[in-house]
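Below: upload.txt (compact mmCIF, C-alpha atoms and all ligand atoms)
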```txt
# COMPACT_ATOMS: atom_id res chain seq x y z
CA MET J 1 -13.14 6.79 -13.15
CA LYS J 2 -9.86 4.98 -12.43
CA LYS J 3 -9.90 2.47 -9.59
CA VAL J 4 -7.10 2.09 -7.05
CA LEU J 5 -6.96 -0.75 -4.54
CA ILE J 6 -5.18 0.14 -1.27
CA ILE J 7 -3.91 -2.99 0.48
CA ASN J 8 -2.51 -3.06 4.01
CA GLY J 9 -0.88 -6.19 5.33
CA PRO J 10 -0.28 -7.68 8.77
CA ASN J 11 -0.36 -5.61 11.95
CA LEU J 12 -1.38 -2.45 10.14
CA ASN J 13 -4.81 -2.82 11.76
CA LEU J 14 -2.93 -1.90 14.98
CA LEU J 15 -1.91 1.55 13.74
CA GLY J 16 -2.61 4.17 16.39
CA LEU J 17 -1.64 1.69 19.12
CA ARG J 18 1.45 0.09 17.72
CA GLU J 19 4.94 1.63 18.06
CA LYS J 20 3.58 5.16 17.66
CA ASP J 21 7.09 6.65 17.64
CA ILE J 22 7.72 4.71 14.42
CA TYR J 23 4.31 4.54 12.77
CA GLY J 24 2.57 7.67 14.09
CA ASP J 25 -0.68 8.31 15.94
CA LEU J 26 -3.21 7.80 13.19
CA THR J 27 -5.32 4.64 13.04
CA LEU J 28 -5.71 2.86 9.73
CA ASP J 29 -9.31 4.13 9.53
CA GLU J 30 -8.09 7.70 10.02
CA ILE J 31 -5.50 7.27 7.28
CA ASN J 32 -8.11 5.76 4.98
CA GLU J 33 -10.44 8.73 5.63
CA LYS J 34 -7.69 11.05 4.39
CA LEU J 35 -7.24 8.91 1.29
CA LYS J 36 -11.02 8.89 0.69
CA LEU J 37 -10.98 12.70 0.72
CA TRP J 38 -8.15 12.64 -1.81
CA GLY J 39 -10.17 10.23 -3.95
CA LYS J 40 -13.20 12.54 -3.90
CA GLU J 41 -11.13 15.59 -4.77
CA HIS J 42 -9.27 13.88 -7.60
CA GLN J 43 -12.09 11.63 -8.77
CA TYR J 44 -10.61 8.22 -8.18
CA GLU J 45 -12.52 5.24 -6.90
CA LEU J 46 -10.57 3.84 -3.95
CA ASP J 47 -11.08 0.37 -2.55
CA PHE J 48 -9.60 -0.52 0.86
CA PHE J 49 -8.44 -3.90 2.10
CA GLN J 50 -6.49 -4.99 5.18
CA ALA J 51 -5.62 -8.54 6.20
CA ASN J 52 -3.14 -10.18 8.49
CA GLY J 53 -2.83 -13.38 6.47
CA GLU J 54 -0.81 -13.88 3.33
CA GLY J 55 -3.50 -16.00 1.64
CA GLU J 56 -6.20 -13.36 2.12
CA ILE J 57 -3.95 -10.70 0.61
CA ILE J 58 -3.18 -12.95 -2.35
CA ASP J 59 -6.88 -13.72 -2.89
CA ARG J 60 -7.68 -9.97 -2.89
CA ILE J 61 -4.93 -9.30 -5.42
CA HIS J 62 -6.38 -12.05 -7.64
CA SER J 63 -9.90 -10.62 -7.42
CA ALA J 64 -8.53 -7.15 -8.29
CA ALA J 65 -8.17 -8.26 -11.90
CA LYS J 66 -11.85 -9.27 -12.00
CA ASP J 67 -12.82 -5.96 -10.32
CA ARG J 68 -11.01 -4.04 -13.06
CA ILE J 69 -8.66 -2.34 -10.61
CA ASP J 70 -6.27 -0.04 -12.50
CA TYR J 71 -3.58 0.31 -9.83
CA ILE J 72 -2.62 -1.22 -6.50
CA VAL J 73 -0.99 0.68 -3.63
CA ILE J 74 0.29 -1.89 -1.15
CA ASN J 75 1.88 -1.77 2.26
CA PRO J 76 2.69 -5.46 2.71
CA GLY J 77 3.94 -4.98 6.31
CA ALA J 78 6.53 -7.59 7.24
CA TYR J 79 5.59 -9.67 4.18
CA THR J 80 7.51 -7.05 2.22
CA HIS J 81 10.72 -8.70 3.27
CA TYR J 82 10.02 -12.31 2.33
CA SER J 83 6.71 -12.98 0.59
CA TYR J 84 7.52 -14.36 -2.85
CA ALA J 85 3.87 -15.42 -2.94
CA ILE J 86 2.57 -11.82 -2.78
CA ARG J 87 5.20 -10.83 -5.32
CA ASP J 88 4.03 -13.60 -7.68
CA ALA J 89 0.37 -12.59 -7.18
CA ILE J 90 1.12 -9.00 -8.28
CA ILE J 91 3.07 -10.26 -11.29
CA GLY J 92 0.22 -12.70 -12.03
CA VAL J 93 -2.52 -10.07 -12.28
CA ASN J 94 -0.26 -7.63 -14.12
CA ILE J 95 -1.69 -4.55 -12.36
CA PRO J 96 0.80 -1.67 -11.96
CA SER J 97 1.53 -1.40 -8.24
CA ILE J 98 3.37 0.85 -5.80
CA GLU J 99 4.87 -0.36 -2.52
CA VAL J 100 4.49 2.05 0.39
CA HIS J 101 5.71 2.15 3.98
CA LEU J 102 5.02 4.49 6.85
CA SER J 103 8.51 4.11 8.30
CA ASN J 104 11.78 4.38 6.41
CA VAL J 105 12.57 0.69 5.97
CA HIS J 106 16.14 1.58 4.98
CA SER J 107 16.96 3.22 8.30
CA ARG J 108 15.84 0.41 10.58
CA GLU J 109 16.90 -3.21 11.17
CA GLU J 110 18.92 -4.69 8.34
CA PHE J 111 16.19 -7.22 7.40
CA ARG J 112 13.75 -4.39 6.63
CA SER J 113 15.93 -2.82 3.98
CA LYS J 114 15.28 -5.74 1.66
CA SER J 115 11.98 -5.88 -0.23
CA VAL J 116 11.14 -8.83 -2.46
CA ILE J 117 8.09 -6.93 -3.74
CA ALA J 118 9.46 -3.48 -4.67
CA PRO J 119 11.48 -4.77 -7.66
CA ILE J 120 8.27 -5.81 -9.45
CA CYS J 121 6.46 -2.56 -8.55
CA ILE J 122 6.60 0.81 -10.30
CA GLY J 123 8.50 1.96 -7.22
CA GLN J 124 8.69 2.13 -3.45
CA ILE J 125 7.73 5.10 -1.24
CA THR J 126 9.03 4.72 2.28
CA GLY J 127 9.39 6.86 5.38
CA PHE J 128 6.77 9.57 4.98
CA GLY J 129 4.20 8.28 7.47
CA HIS J 130 0.66 8.35 6.09
CA TYR J 131 1.87 10.78 3.42
CA SER J 132 3.55 7.78 1.72
CA TYR J 133 0.07 6.64 0.61
CA LEU J 134 -0.86 10.13 -0.59
CA MET J 135 2.43 10.45 -2.46
CA ALA J 136 1.70 7.17 -4.24
CA LEU J 137 -1.78 8.41 -5.23
CA ASN J 138 -0.40 11.76 -6.38
CA TYR J 139 2.14 9.98 -8.54
CA LEU J 140 -0.61 7.87 -10.15
CA HIS J 141 -2.61 11.02 -10.80
CA LEU J 142 0.37 12.72 -12.48
CA ARG J 143 0.98 9.58 -14.52
CA GLU J 144 -2.67 9.51 -15.64
CA ARG J 145 -2.51 13.14 -16.71
CA GLY J 146 0.64 12.43 -18.75
C1 LIG J 201 6.00 -1.28 7.50
C2 LIG J 201 7.48 -1.66 7.63
C3 LIG J 201 7.64 -3.16 7.84
O1 LIG J 201 9.00 -3.50 7.99
C4 LIG J 201 6.89 -3.59 9.09
O2 LIG J 201 6.96 -4.98 9.25
C5 LIG J 201 5.48 -3.12 9.11
C6 LIG J 201 5.18 -1.77 8.67
C7 LIG J 201 5.81 0.25 7.39
O3 LIG J 201 4.76 0.68 6.92
O4 LIG J 201 6.68 1.02 7.80
O5 LIG J 201 4.58 -3.82 9.57
O6 LIG J 201 5.50 -1.86 6.30
```
Please rewrite the model in this file as structure tokens.
Amino acid sequence: MKKVLIINGPNLNLLGLREKDIYGDLTLDEINEKLKLWGKEHQYELDFFQANGEGEIIDRIHSAAKDRIDYIVINPGAYTHYSYAIRDAIIGVNIPSIEVHLSNVHSREEFRSKSVIAPICIGQITGFGHYSYLMALNYLHLRERG
């Protein structure tokens, strides 16, 4: 069974409370429950990780190689826009990754339209609320089926 690591970065633990008009009503646990259902239906092993600190996220990316993770789906939160360290970690482990966002980062403040991580990912999915995560998983499934 293929393994996918879902990483959520800073402030995403506040989903359900935080700027609901932008990020929606669902908590991160509720989103993860939906992804778990998808995993069961499509027979993928999903591993979930959330941290507010850059170092913790980098350490989890490093251990993903040891855990034989096949793909990473990452919402790096605000680190998206400036974390060369997370970018280098993903390059370092050489695990194909997809960047996802709940909001459309291209329709908000100017600083959000730049991602330093997306260019080293397979692609970026942005603006579809929690469906962004499901779209990333569906893409990986299609890719696996060839
Ligand atoms: C976000 C977009 C980022 O700009 C922001 O800092 C977040 C959430 C999103 O999912 O829409 O924390 O990654």
Would you work out the distance separating atom CA of Ile22 of chain J from atom C5 of ligand LIG 201 (chain J), expressed in Å to one decimal?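 Going from atom CA of Ile22 of chain J over to atom C5 of ligand LIG 201 (chain J), I get 9.7 Å.
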Grab me every residue within 7 Å of ligand LIG 201 (chain J), counting all atoms listed in the file, and send it over as a list in words. Pro10, Asn11, Leu12, Tyr23, Asn75, Pro76, Gly77, Ala78, Thr80, Val100, His101, Leu102, Ser103, Asn104, Val105, Arg112 and Gly127 of chain J
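The shell of residues at most 9 Å from segment 44-51 of chain J, with all atoms listed in the file counted and near chain neighbours (fewer than 6 positions) removed, consists of Met1, Lys2, Lys3, Val4, Leu5, Ile6, Ile7, Asn8, Gly9, Pro10, Asn11, Leu12, Asn13, Asn32, Leu35, Lys36, Trp38, Ile57, Arg60, Ile69 and His141 of chain J.
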Have a look at atom CA of Lys114 of chain J and atom CA of His81 of chain J and let me know their distance in Å, one decimal.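 Pair atom CA of Lys114 of chain J / atom CA of His81 of chain J returns 5.7 Å.
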At a cut-off of 12 Å, using all atoms listed in the file, what residues contact His62 of chain J? Leave out same-chain residues fewer than 4 positions from it and give the result as a list in words.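 Surrounding residues, per the criterion: Leu5, Gly55, Glu56, Ile57, Ile58, Lys66, Asp67, Arg68, Ile69, Ile72, Ala85, Ile86, Arg87, Asp88, Ala89, Ile90, Ile91, Gly92, Val93, Asn94 and Ile95 of chain J.
What separates atom CA of Tyr82 of chain J from atom CA of Cys121 of chain J is a distance of 15.0 Å.
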Identify, on the basis of all atoms listed in the file, every residue whose closest approach to Leu14 of chain J does not exceed 10 Å; exclude the query and any residue fewer than 5 positions from it along the same chain; express the result as a ChimeraX atom specification. /J:19-20,23,26-28
Suppose we keep C-alpha atoms; can you now write the selection as an mmCIF file, in the coordinates of the input?
```
data_model
loop_
_atom_site.group_PDB
_atom_site.id
_atom_site.type_symbol
_atom_site.label_atom_id
_atom_site.label_comp_id
_atom_site.auth_asym_id
_atom_site.auth_seq_id
_atom_site.Cartn_x
_atom_site.Cartn_y
_atom_site.Cartn_z
ATOM 1 C CA GLU J 19 4.940 1.630 18.060
ATOM 2 C CA LYS J 20 3.580 5.160 17.660
ATOM 3 C CA TYR J 23 4.310 4.540 12.770
ATOM 4 C CA LEU J 26 -3.210 7.800 13.190
ATOM 5 C CA THR J 27 -5.320 4.640 13.040
ATOM 6 C CA LEU J 28 -5.710 2.860 9.730
#
```
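Proximity ranking of J:Asp25, J:Phe111, J:Asp70, J:His130 relative to Glu144 of chain J places J:Asp70 first, based on only C-alpha atoms.
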For each of J:Ile61, J:Arg18, J:Gly24, J:Glu99, take the minimum atom-to-atom distance to Ser132 of chain J, counting all atoms listed in the file, then give the residue where this is smallest. J:Glu99
